[in-house]
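Below: my_file-v1.cif (mmCIF, C-alpha atoms)
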data_upload
#
loop_
_atom_site.label_atom_id
_atom_site.label_comp_id
_atom_site.auth_asym_id
_atom_site.auth_seq_id
_atom_site.Cartn_x
_atom_site.Cartn_y
_atom_site.Cartn_z
CA MET A 694 20.65 -9.69 0.21
CA THR A 695 19.08 -6.85 -1.74
CA GLU A 696 20.95 -3.87 -3.12
CA PHE A 697 20.61 -0.52 -1.27
CA THR A 698 18.90 1.79 -3.81
CA PRO A 699 18.46 5.26 -2.24
CA PHE A 700 17.93 7.15 -5.53
CA THR A 701 15.44 4.90 -7.32
CA SER A 702 13.64 4.32 -4.01
CA LEU A 703 13.34 8.06 -3.40
CA ALA A 704 12.19 8.63 -7.00
CA GLY A 705 9.69 5.77 -6.76
CA GLY A 706 8.43 7.13 -3.45
CA ALA A 707 7.95 10.55 -5.05
CA LEU A 708 5.86 8.92 -7.82
CA ILE A 709 3.72 7.22 -5.16
CA GLY A 710 3.25 10.66 -3.56
CA LEU A 711 2.40 12.21 -6.94
CA ALA A 712 -0.28 9.55 -7.46
CA ALA A 713 -1.68 10.24 -3.97
CA MET A 714 -1.79 13.98 -4.68
CA LEU A 715 -3.45 13.51 -8.08
CA LEU A 716 -6.08 11.11 -6.74
CA MET A 717 -7.03 13.77 -4.16
CA ALA A 718 -6.89 16.63 -6.70
CA VAL A 719 -8.96 14.86 -9.36
CA HIS A 720 -11.19 12.41 -7.44
CA GLY A 721 -11.06 13.77 -3.90
CA ARG A 722 -10.01 10.33 -2.68
CA VAL A 723 -7.32 8.97 -0.38
CA ALA A 724 -4.93 6.59 -2.17
CA GLY A 725 -5.35 3.73 0.29
CA ILE A 726 -4.99 0.50 -1.65
CA SER A 727 -6.78 -1.76 0.83
CA GLY A 728 -9.76 0.65 0.86
CA ILE A 729 -9.77 0.85 -2.93
CA ILE A 730 -9.77 -2.97 -3.15
CA GLY A 731 -12.53 -3.21 -0.52
CA GLY A 732 -14.74 -0.91 -2.60
CA VAL A 733 -14.69 -3.19 -5.66
CA LEU A 734 -15.55 -6.34 -3.69
CA PRO A 735 -19.20 -7.28 -3.18
CA PRO A 736 -21.17 -5.51 -1.85
CA SER A 737 -19.28 -3.09 -4.09
CA ALA A 738 -19.32 0.67 -3.60
CA ALA A 739 -21.40 2.76 -6.03
CA ASP A 740 -18.16 4.31 -7.31
CA TRP A 741 -16.43 0.99 -8.02
CA VAL A 742 -15.50 2.00 -11.61
CA TRP A 743 -12.68 4.44 -10.72
CA ARG A 744 -11.43 1.95 -8.14
CA ALA A 745 -11.22 -0.86 -10.70
CA ALA A 746 -9.57 1.47 -13.21
CA PHE A 747 -6.96 2.57 -10.64
CA LEU A 748 -6.14 -1.06 -9.78
CA ALA A 749 -5.91 -1.99 -13.49
CA GLY A 750 -3.45 0.87 -14.00
CA ALA A 751 -1.37 -0.25 -11.00
CA ILE A 752 -1.24 -3.83 -12.34
CA ALA A 753 -0.29 -2.68 -15.85
CA ALA A 754 2.41 -0.28 -14.62
CA PRO A 755 5.42 -2.61 -14.16
CA ALA A 756 5.19 -4.00 -17.71
CA LEU A 757 4.82 -0.49 -19.10
CA LEU A 758 7.78 0.75 -17.03
CA ILE A 759 9.94 -2.09 -18.36
CA ALA A 760 8.82 -1.46 -21.96
CA MET A 761 9.35 2.31 -21.81
CA THR A 762 12.56 2.60 -19.80
CA GLY A 763 14.17 -0.84 -19.89
CA HIS A 764 14.44 -0.59 -16.08
CA GLU A 765 14.89 -4.03 -14.54
CA ILE A 766 12.47 -4.77 -11.72
CA ALA A 767 13.90 -7.05 -9.04
CA PHE A 768 11.47 -9.49 -7.43
CA SER A 769 12.23 -12.30 -5.03
CA SER A 770 9.93 -14.29 -2.77
CA THR A 771 11.07 -17.50 -1.08
CA ILE A 772 8.06 -17.87 1.22
CA PRO A 773 6.29 -21.27 0.88
CA THR A 774 2.72 -21.20 -0.50
CA PRO A 775 0.93 -22.12 2.77
CA TRP A 776 2.60 -19.14 4.48
CA LEU A 777 1.71 -16.85 1.57
CA ILE A 778 -1.93 -17.84 2.09
CA VAL A 779 -1.72 -17.31 5.87
CA SER A 780 -0.03 -13.95 5.31
CA GLY A 781 -2.64 -12.85 2.74
CA LEU A 782 -5.55 -13.78 5.01
CA ILE A 783 -4.02 -11.98 8.01
CA VAL A 784 -3.26 -8.87 5.94
CA GLY A 785 -6.81 -8.88 4.50
CA VAL A 786 -8.44 -9.13 7.93
CA GLY A 787 -6.00 -6.66 9.52
CA VAL A 788 -6.33 -3.86 6.96
CA THR A 789 -10.12 -4.14 7.01
CA ILE A 790 -10.43 -3.99 10.82
CA GLY A 791 -7.67 -1.37 10.99
CA SER A 792 -9.13 0.79 8.18
CA GLY A 793 -5.97 0.95 6.10
CA CYS A 794 -2.50 -0.18 5.19
CA THR A 795 0.91 1.24 4.26
CA SER A 796 -0.51 3.54 1.57
CA GLY A 797 -3.66 4.75 3.33
CA HIS A 798 -2.29 5.18 6.86
CA GLY A 799 1.47 5.24 6.20
CA VAL A 800 1.46 7.75 3.34
CA CYS A 801 -1.88 9.57 2.97
CA GLY A 802 -2.87 9.66 6.66
CA MET A 803 0.62 10.48 7.91
CA ALA A 804 0.86 13.28 5.31
CA ARG A 805 -2.33 14.80 6.81
CA LEU A 806 -0.86 14.31 10.31
CA SER A 807 -3.90 12.18 11.22
CA ALA A 808 -3.50 10.90 14.79
CA ARG A 809 -5.27 7.64 13.85
CA SER A 810 -2.92 7.02 10.94
CA ILE A 811 0.20 7.86 12.94
CA ALA A 812 -0.91 5.41 15.67
CA ALA A 813 -1.74 2.72 13.09
CA THR A 814 1.54 3.19 11.20
CA LEU A 815 3.65 3.00 14.38
CA THR A 816 1.73 -0.12 15.40
CA PHE A 817 2.16 -2.02 12.14
CA MET A 818 5.80 -0.99 11.71
CA ILE A 819 6.51 -2.44 15.17
CA THR A 820 4.58 -5.69 14.64
CA THR A 821 6.13 -6.14 11.18
CA GLY A 822 9.61 -5.66 12.64
CA ILE A 823 8.92 -8.12 15.47
CA THR A 824 7.48 -10.67 13.04
CA VAL A 825 10.46 -10.46 10.67
CA HIS A 826 12.86 -10.78 13.61
CA VAL A 827 11.02 -13.79 15.06
CA VAL A 828 10.70 -15.53 11.67
CA ARG A 829 14.31 -14.98 10.59
CA HIS A 830 16.29 -15.08 13.81
CA ILE A 831 14.27 -17.17 16.27
CA VAL A 832 12.33 -19.60 14.04
CA GLY A 833 15.18 -19.60 11.52
CA GLY A 834 13.16 -18.84 8.38
CA LEU A 835 10.00 -20.17 6.74
CA MET B 975 -15.57 8.16 -18.62
CA PRO B 976 -13.13 10.95 -17.58
CA ARG B 977 -13.18 9.47 -14.07
CA MET B 978 -12.24 6.06 -15.41
CA VAL B 979 -9.41 7.34 -17.61
CA THR B 980 -7.89 9.59 -14.96
CA ALA B 981 -8.07 6.82 -12.32
CA LEU B 982 -6.33 4.45 -14.75
CA LEU B 983 -3.53 6.98 -15.36
CA ILE B 984 -3.12 7.72 -11.64
CA GLY B 985 -3.02 3.96 -11.00
CA LEU B 986 -0.24 3.69 -13.59
CA ILE B 987 1.79 6.37 -11.79
CA PHE B 988 1.22 4.64 -8.45
CA GLY B 989 2.24 1.23 -9.84
CA ALA B 990 5.31 2.70 -11.54
CA GLY B 991 6.32 4.24 -8.21
CA ILE B 992 5.91 0.92 -6.41
CA ALA B 993 7.94 -0.88 -9.10
CA LEU B 994 10.73 1.72 -9.34
CA SER B 995 11.03 2.13 -5.57
CA GLY B 996 11.51 -1.57 -4.83
CA MET B 997 8.32 -1.86 -2.72
CA ILE B 998 7.23 -4.43 -5.33
CA ASN B 999 9.96 -6.81 -4.11
CA PRO B 1000 8.99 -8.76 -0.95
CA ALA B 1001 12.64 -9.65 -0.24
CA LYS B 1002 13.54 -5.94 -0.18
CA VAL B 1003 10.63 -5.16 2.16
CA LEU B 1004 11.62 -7.95 4.57
CA ASN B 1005 15.25 -6.81 4.50
CA PHE B 1006 14.19 -3.30 5.52
CA PHE B 1007 12.75 -4.74 8.73
CA ASP B 1008 15.70 -7.09 9.31
CA ILE B 1009 17.98 -4.65 11.08
CA ALA B 1010 19.78 -7.48 12.88
CA GLY B 1011 20.40 -9.31 9.59
CA SER B 1012 20.58 -8.34 5.91
CA TRP B 1013 19.36 -4.76 6.47
CA ASP B 1014 18.43 -2.71 3.38
CA PRO B 1015 17.36 0.82 4.41
CA SER B 1016 15.91 1.65 0.95
CA LEU B 1017 12.29 1.64 2.07
CA ALA B 1018 12.92 4.59 4.38
CA PHE B 1019 13.64 6.54 1.18
CA VAL B 1020 10.41 5.28 -0.40
CA MET B 1021 8.37 6.38 2.61
CA GLY B 1022 10.28 9.67 2.82
CA GLY B 1023 9.79 10.53 -0.86
CA ALA B 1024 6.11 9.58 -0.79
CA LEU B 1025 5.43 11.48 2.45
CA ILE B 1026 7.14 14.71 1.35
CA VAL B 1027 5.34 14.86 -2.01
CA THR B 1028 1.98 13.87 -0.52
CA ALA B 1029 2.23 16.34 2.38
CA ILE B 1030 3.07 19.25 0.07
CA GLY B 1031 0.60 18.07 -2.58
CA TYR B 1032 -2.29 17.74 -0.11
CA ARG B 1033 -1.59 21.25 1.24
CA LEU B 1034 -1.96 22.72 -2.25
CA VAL B 1035 -4.88 20.53 -3.33
CA LEU B 1036 -7.00 20.83 -0.18
CA LYS B 1037 -6.99 24.63 -0.46
CA ARG B 1038 -9.26 24.27 -3.48
CA PRO B 1039 -13.03 24.17 -2.96
CA ALA B 1040 -13.46 20.72 -4.52
CA PRO B 1041 -11.63 18.07 -6.58
CA LEU B 1042 -11.82 18.32 -10.38
CA LEU B 1043 -14.23 15.41 -10.91
CA ASP B 1044 -16.20 15.27 -7.67
CA THR B 1045 -18.25 17.64 -5.54
CA ARG B 1046 -16.16 17.28 -2.37
CA PHE B 1047 -13.01 15.80 -0.82
CA HIS B 1048 -13.70 12.44 0.84
CA LEU B 1049 -11.44 12.66 3.88
CA PRO B 1050 -11.67 10.23 6.81
CA ALA B 1051 -13.58 12.09 9.55
CA ARG B 1052 -12.77 9.90 12.56
CA LYS B 1053 -10.23 11.11 15.10
CA ASP B 1054 -10.49 8.51 17.87
CA ILE B 1055 -7.76 5.91 18.33
CA ASP B 1056 -9.78 2.80 19.16
CA LEU B 1057 -9.03 -0.90 19.66
CA PRO B 1058 -10.03 -2.08 16.14
CA LEU B 1059 -7.63 0.47 14.61
CA LEU B 1060 -4.67 -0.73 16.69
CA ALA B 1061 -5.57 -4.43 16.65
CA GLY B 1062 -6.12 -4.34 12.89
CA ALA B 1063 -2.87 -2.47 12.29
CA GLY B 1064 -1.00 -4.89 14.58
CA LEU B 1065 -2.48 -7.86 12.72
CA PHE B 1066 -1.65 -6.32 9.35
CA GLY B 1067 1.98 -5.96 10.44
CA ILE B 1068 2.19 -9.64 11.40
CA GLY B 1069 0.92 -10.62 7.93
CA TRP B 1070 3.26 -8.11 6.24
CA GLY B 1071 6.21 -9.47 8.23
CA ILE B 1072 5.50 -13.09 7.25
CA ALA B 1073 5.77 -12.65 3.48
CA GLY B 1074 6.80 -9.03 2.79
CA PHE B 1075 3.67 -8.24 0.76
CA CYS B 1076 1.46 -5.25 1.62
CA PRO B 1077 -1.66 -4.37 -0.42
CA GLY B 1078 0.05 -1.53 -2.33
CA GLY B 1079 3.12 -3.63 -3.09
CA SER B 1080 1.26 -6.77 -4.10
CA ILE B 1081 -1.17 -5.29 -6.66
CA PRO B 1082 1.56 -4.04 -9.06
CA ALA B 1083 3.47 -7.33 -8.42
CA LEU B 1084 0.51 -9.09 -10.07
CA GLY B 1085 1.59 -7.35 -13.28
CA LEU B 1086 4.98 -9.07 -13.10
CA GLY B 1087 3.14 -12.38 -13.46
CA GLU B 1088 4.65 -13.68 -10.24
CA PRO B 1089 2.74 -16.71 -8.81
CA ALA B 1090 3.61 -15.67 -5.23
CA ALA B 1091 1.90 -12.30 -5.78
CA LEU B 1092 -1.20 -14.01 -7.20
CA ILE B 1093 -1.45 -16.43 -4.26
CA PHE B 1094 -0.98 -13.58 -1.76
CA VAL B 1095 -3.51 -11.24 -3.43
CA ALA B 1096 -6.14 -13.98 -3.77
CA SER B 1097 -5.78 -14.78 -0.05
CA MET B 1098 -5.80 -11.10 0.91
CA VAL B 1099 -8.97 -10.47 -1.12
CA CYS B 1100 -10.63 -13.42 0.69
CA GLY B 1101 -9.57 -11.90 4.02
CA ILE B 1102 -10.95 -8.46 3.11
CA ALA B 1103 -14.22 -9.84 1.70
CA ALA B 1104 -14.82 -12.17 4.67
CA THR B 1105 -14.16 -9.42 7.22
CA ARG B 1106 -16.49 -7.02 5.39
CA LEU B 1107 -19.26 -9.63 5.36
CA VAL B 1108 -18.89 -10.38 9.09
CA ARG B 1109 -18.81 -6.68 10.02
CA ARG B 1110 -21.92 -5.67 8.06
#

Here is the file; what I need is its structure written in the form of structure tokens.
Amino acid sequence: MTEFTPFTSLAGGALIGLAAMLLMAVHGRVAGISGIIGGVLPPSAADWVWRAAFLAGAIAAPALLIAMTGHEIAFSSTIPTPWLIVSGLIVGVGVTIGSGCTSGHGVCGMARLSARSIAATLTFMITTGITVHVVRHIVGGL
Amino acid sequence: MPRMVTALLIGLIFGAGIALSGMINPAKVLNFFDIAGSWDPSLAFVMGGALIVTAIGYRLVLKRPAPLLDTRFHLPARKDIDLPLLAGAGLFGIGWGIAGFCPGGSIPALGLGEPAALIFVASMVCGIAATRLVRR
């Protein structure tokens, strides 16, 4: 079980939106994390520096949030290592072929009412839901 | 240099949002999709908050002639809904549903020092790099 957290989730979501708005206002870029990661991997994009800096900031953020506010960050993963690897590989292939993930399609693209992003978001929300249902209620957990 | 500093700060805001919202926690993500089981609707609030702010923010920002530190806005130009888009998105969802990690959730989770996040991100980076090489 995880606790239902409407207020911190809404506030956190608003911060994600603020970051997306600022990245467009300052850099003219969509805040799609899979695309930002892709641009730092070889053959890296010419503008890899801002991408690496953004990712470094995102990695540093939780520790800074804990230090500044004392907010406890819940984290729980019970998935065995082989399945983590399988999941990571599938996600990596999927977001590259599908040109985006939750942040790029689900937030930035949906906010622009992009037909491609709406179609992609509906598709991955459905396959994620089916996968979770199959894993938890048909297979009986990993 | 200004580009690097601003990107770092914006990354910090993004990561703080992921951490505060609960998107950083794979168990919470999986519970959002487990309507028949231990359902936790929190992530609808994350998506809602992010979408409202981004939609309003983009409207204001895209009225300007150009971003502050670039000559133009780099917006995806494609409009066609093709097979790779849907197949890739479908595949991504299967991976997301297995472990509860998406790219945006997993990168800040690295900062928690969680081994599961490190294993996931390393595998995801291999998947992205391999697909990019094959598609060149």

### Task
Excluding Cys1100 (chain B) and any residue of its chain fewer than 5 positions from it, enumerate the residues within 10 Å of it, using all atoms listed in the file, and give them as a ChimeraX atom specification.
/A:734,778,781-783,785-786 /B:1094-1095,1105-1106

### Query
Suppose you want the space between CA of Ile823 (chain A) and CA of Ser780 (chain A); what is it in Å?
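Taking CA of Ile823 (chain A) and CA of Ser780 (chain A), their separation equals 14.7 Å.
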
### Task
Give me the result of the PyMOL selection byres ((chain A and resi 718-726) around 8) on this file, residue by residue, as a ChimeraX atom specification.
/A:712-717,727-730,793-798,801 /B:977,980,1035-1036,1040-1044,1046-1049,1077-1078

### Task
Up to 6 Å from chain B, what residues of chain A turn up? Count only C-alpha atoms and give them as an NGL selection string.
:A and (694-695 or 697-699 or 701-703 or 705-710 or 712 or 714 or 718-722 or 726-727 or 743 or 746-747 or 750-755 or 768-770 or 777-778 or 780-791 or 800 or 804 or 809 or 813 or 816-817 or 820-822 or 824-825)

#### Entry: Counting all atoms listed in the file, the option among A:Val828, A:Ala704, A:Ala756, A:Ala812 closest to Trp776 (chain A)
A:Val828
